[in-house]
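Taking it in order: structure first as structure tokens, then the write-up.
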Amino acid sequence: MDTIFALATAQGRAGVAVIRLSGPAAFVAAARMMDTVPEMRGLRALRDGKGALFDEALVLRFGSGKSFTGEDVIELHLHGSPAVVAAVLRHLGDDPALRPAEAGEFTRRALANGRLDLAQVEGLADLIDAETESQRKQALRVFSGALGAIADSWRKRLIRAAALLEATIDFVDEDVPVDVVPEVRDLLQGVRREMAREAAGVRMAERLRDGFEVAIIGAPNVGKSTLLNRLAQRDVAITSEIAGTTRDVIEVRLDLDGLPVTLLDTAGLRDTDDIVESLGVARARARAEQADLRVHMLLDGPVPAHDLAAGDIYVQAKADIKTGDGLAVSGLSGAGVDALVALIADELGRRVASVGLAMRERHRLALLRAVTSLDEAGAGLDAGHGMLDLIAEDLRTSIRAVDSLVGRVDVEQVLDEIFSSFCIGK
Ligand SMILES: Nc1nc2c(c(=O)[nH]1)N(C=O)[C@@H](CNc1ccc(C(=O)N[C@@H](CCC(=O)O)C(=O)O)cc1)CN2
Ligand SMILES: Nc1nc2c(ncn2[C@@H]2O[C@H](COP(=O)(O)OP(=O)(O)OP(=O)(O)O)[C@@H](O)[C@H]2O)c(=O)[nH]1
Ligand SMILES: [Mg+2]
């Protein structure tokens, strides 16, 4: 096994920077920089082969089986100077016993050594990417092993169902001691219901991970860009009294009450002979249609009731100079903006509530495979043809799909995809 090293903290100037080494040669490689194998924790002078000082570092040693990776690990907590980090990394790179880590390689070793299961690895990736509270909380649930726990429960119940059937098979042509079918049916239905609920939550879980899109749309000049700037609390979009100012879709990422939101400002919707503007209008319509929510800004005329199920919110624009019914908003004065934010956060929060523990398309596909096999097993039970061995085989197929959720089977093929999104040093 190679011994790998990488900067574990972000690039650039910082208070402290951590370089991590993991693998069988970690201790001796560290010892070469400080003359002795380091103790568990100590402040040490790090030197090159000629005795020139790199830095005074806090050095931590973790024995194998007692580290993040499950291997021997050394952490060098350096002064966070780009020059110090570069000098130490160059020195480590010159050590033939070491090589730089690939993206996600530390975590990959943690997985290989059973320190984490596959779902936890995905949760860890989401945790590192989390930018808002809702993302952090959700990622932490998965990282803590909650998906593995529910998969365990499904596996146990399906194994029990299969065992009941197998026991019956052994009694073929004899008196079956009890009719196991009702219990098997109960087990399958319960598991199926939970799996289907998890699978149904994946679409929303992906929105929670990647961010919700909220599009501001309406006629030219109603104040869309002014509202965007107010919500972003900075001057992102050009505003002017000329109708048709915004052409491209302008995106701003926001933390809206802990929810990740990409706000879209769009070209004012109208028929126009201006070719560039009409291209902008087409883009506006297309992006708004795809968005999770649309804030329709209306200047004159009736303001319809919100249709939250369809994702449509309607507001009276320029509420400082215009009156109308419905939610009155002014990007210029700020009136009604808090109420609009609350409405958006409320609706998105309601949607997030449907998110379970399955977070990815990979999970959804595994769950669908598992559910399909359960349905086949259920159909076999309904048919009552007594081909219990076929039904038991369906259950085993379902169990294999459950196992693939946490990486007990089919690991290799998903690993590269998962780890390619990790940063070096994780
Ligand atoms: N400095 C540092 N902080 C970090 C990490 C790290 O690798 N280094 N982590 C990286 O993601 C997270 C913590 N993950 C870790 C998980 C297990 C062990 C570990 O060595 N566990 C031993 C007990 C060690 C002890 O108590 O002294 C064990 O489980 O036996 C260390 C870090 C967050 N903070
Ligand atoms: N009184 C008042 N004026 C506003 C308000 N919002 C925007 N305006 C003014 O209305 C004009 C148009 O504002 P924009 O934000 O550029 O409008 P828009 O909807 O983005 O326009 P297009 O990009 O052309 O579609 C500017 O002169 C703004 O200062 C508002 O709430 N009240
Ligand atoms: Mg605009």
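Note on naming: chains are A, B, ... as they come in the structure tokens, residues start from 1 per chain, ligands start from 1 in the order shown.
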
I'd like to know which residues of region 52-92 of chain A are alpha helix (DSSP H) (by DSSP, run on the backbone); could you write them as a ChimeraX atom specification?
/A:82-92

Written selection (N, CA and C atoms) as a PDB file, in the first residue's frame:
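After the write, result37.pdb holds the following:
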```
ATOM      1  N   PRO A  82       1.511  30.107   2.445  1.00  0.00           N
ATOM      2  CA  PRO A  82       1.684  29.383   1.184  1.00  0.00           C
ATOM      3  C   PRO A  82       3.120  28.910   0.987  1.00  0.00           C
ATOM      4  N   ALA A  83       4.097  29.696   1.453  1.00  0.00           N
ATOM      5  CA  ALA A  83       5.503  29.317   1.247  1.00  0.00           C
ATOM      6  C   ALA A  83       5.888  28.128   2.129  1.00  0.00           C
ATOM      7  N   VAL A  84       5.421  28.129   3.385  1.00  0.00           N
ATOM      8  CA  VAL A  84       5.715  27.001   4.279  1.00  0.00           C
ATOM      9  C   VAL A  84       5.107  25.725   3.706  1.00  0.00           C
ATOM     10  N   VAL A  85       3.831  25.821   3.313  1.00  0.00           N
ATOM     11  CA  VAL A  85       3.131  24.651   2.769  1.00  0.00           C
ATOM     12  C   VAL A  85       3.839  24.143   1.521  1.00  0.00           C
ATOM     13  N   ALA A  86       4.196  25.055   0.635  1.00  0.00           N
ATOM     14  CA  ALA A  86       4.845  24.650  -0.619  1.00  0.00           C
ATOM     15  C   ALA A  86       6.171  23.960  -0.333  1.00  0.00           C
ATOM     16  N   ALA A  87       6.954  24.492   0.627  1.00  0.00           N
ATOM     17  CA  ALA A  87       8.271  23.910   0.929  1.00  0.00           C
ATOM     18  C   ALA A  87       8.112  22.499   1.494  1.00  0.00           C
ATOM     19  N   VAL A  88       7.152  22.316   2.403  1.00  0.00           N
ATOM     20  CA  VAL A  88       6.972  20.986   3.009  1.00  0.00           C
ATOM     21  C   VAL A  88       6.425  20.006   1.968  1.00  0.00           C
ATOM     22  N   LEU A  89       5.480  20.453   1.144  1.00  0.00           N
ATOM     23  CA  LEU A  89       4.937  19.560   0.104  1.00  0.00           C
ATOM     24  C   LEU A  89       6.042  19.148  -0.873  1.00  0.00           C
ATOM     25  N   ARG A  90       6.928  20.094  -1.226  1.00  0.00           N
ATOM     26  CA  ARG A  90       8.018  19.775  -2.151  1.00  0.00           C
ATOM     27  C   ARG A  90       8.934  18.729  -1.520  1.00  0.00           C
ATOM     28  N   HIS A  91       9.225  18.924  -0.249  1.00  0.00           N
ATOM     29  CA  HIS A  91      10.096  17.966   0.461  1.00  0.00           C
ATOM     30  C   HIS A  91       9.461  16.571   0.499  1.00  0.00           C
ATOM     31  N   LEU A  92       8.178  16.512   0.811  1.00  0.00           N
ATOM     32  CA  LEU A  92       7.493  15.212   0.864  1.00  0.00           C
ATOM     33  C   LEU A  92       7.470  14.570  -0.520  1.00  0.00           C
TER      34      LEU A  92
END
```

Which protein, DNA or RNA residues have an atom within 8 Å of ligand 1, counting only C-alpha atoms and all ligand atoms, as a ChimeraX atom specification?
/A:18,20,62-63,65-70,75,107,426

With C-alpha atoms retained, write the just-selected residues as a JSON list (two decimals), in the first residue's frame.
```json
[["chain", "number", "residue", "atom", "x", "y", "z"],
["A", 18, "VAL", "CA", -2.71, 20.83, 7.81],
["A", 20, "ARG", "CA", -1.81, 14.77, 6.17],
["A", 62, "PHE", "CA", -2.66, 8.37, 14.82],
["A", 63, "GLY", "CA", -2.02, 4.64, 14.96],
["A", 65, "GLY", "CA", -7.19, 1.53, 13.27],
["A", 66, "LYS", "CA", -7.33, 4.75, 15.27],
["A", 67, "SER", "CA", -7.30, 7.26, 12.45],
["A", 68, "PHE", "CA", -9.69, 8.67, 9.89],
["A", 69, "THR", "CA", -8.32, 6.37, 7.17],
["A", 70, "GLY", "CA", -7.71, 3.37, 9.42],
["A", 75, "GLU", "CA", -0.82, 15.35, 10.59],
["A", 107, "THR", "CA", -11.74, 8.86, 2.28],
["A", 426, "LYS", "CA", -10.03, 14.47, 1.69]]
```

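Every protein or nucleic acid residue with an atom no more than 7 Å from Phe212 (chain A), counting only C-alpha atoms and leaving out same-chain residues fewer than 3 positions away, appears here: Arg207, Leu208, Pro260, Val261, Thr262 and Asp292 of chain A.
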
Near Ala353 (chain A), within 10 Å and counting only C-alpha atoms, which residues show up once chain neighbours fewer than 5 positions away are dropped, as a count of residues only?
4

Given 9 Å and only C-alpha atoms and all ligand atoms, residues near ligand 3 as a ChimeraX atom specification:
/A:220-226,228,237-240,243-247,265-268

Those selected residues, please, written with C-alpha atoms and delivered as a compact mmCIF listing (two decimals), in the first residue's frame.
```txt
# COMPACT_ATOMS: atom_id res chain seq x y z
CA PRO A 220 -40.19 44.89 -18.85
CA ASN A 221 -39.50 47.66 -16.37
CA VAL A 222 -41.62 46.28 -13.51
CA GLY A 223 -38.57 46.21 -11.23
CA LYS A 224 -37.30 42.62 -11.49
CA SER A 225 -33.62 43.53 -11.45
CA THR A 226 -34.17 46.04 -8.66
CA LEU A 228 -32.96 40.88 -7.34
CA ALA A 237 -27.89 43.42 -12.18
CA ILE A 238 -28.04 46.62 -14.22
CA THR A 239 -31.30 48.51 -13.67
CA SER A 240 -32.63 51.43 -15.70
CA ALA A 243 -37.68 48.80 -20.79
CA GLY A 244 -35.64 45.81 -21.99
CA THR A 245 -32.53 46.43 -19.91
CA THR A 246 -31.92 42.83 -18.84
CA ARG A 247 -31.15 40.39 -21.65
CA ASP A 265 -33.32 37.66 -12.91
CA THR A 266 -34.73 37.48 -16.42
CA ALA A 267 -35.48 39.65 -19.42
CA GLY A 268 -38.86 41.41 -19.30
```
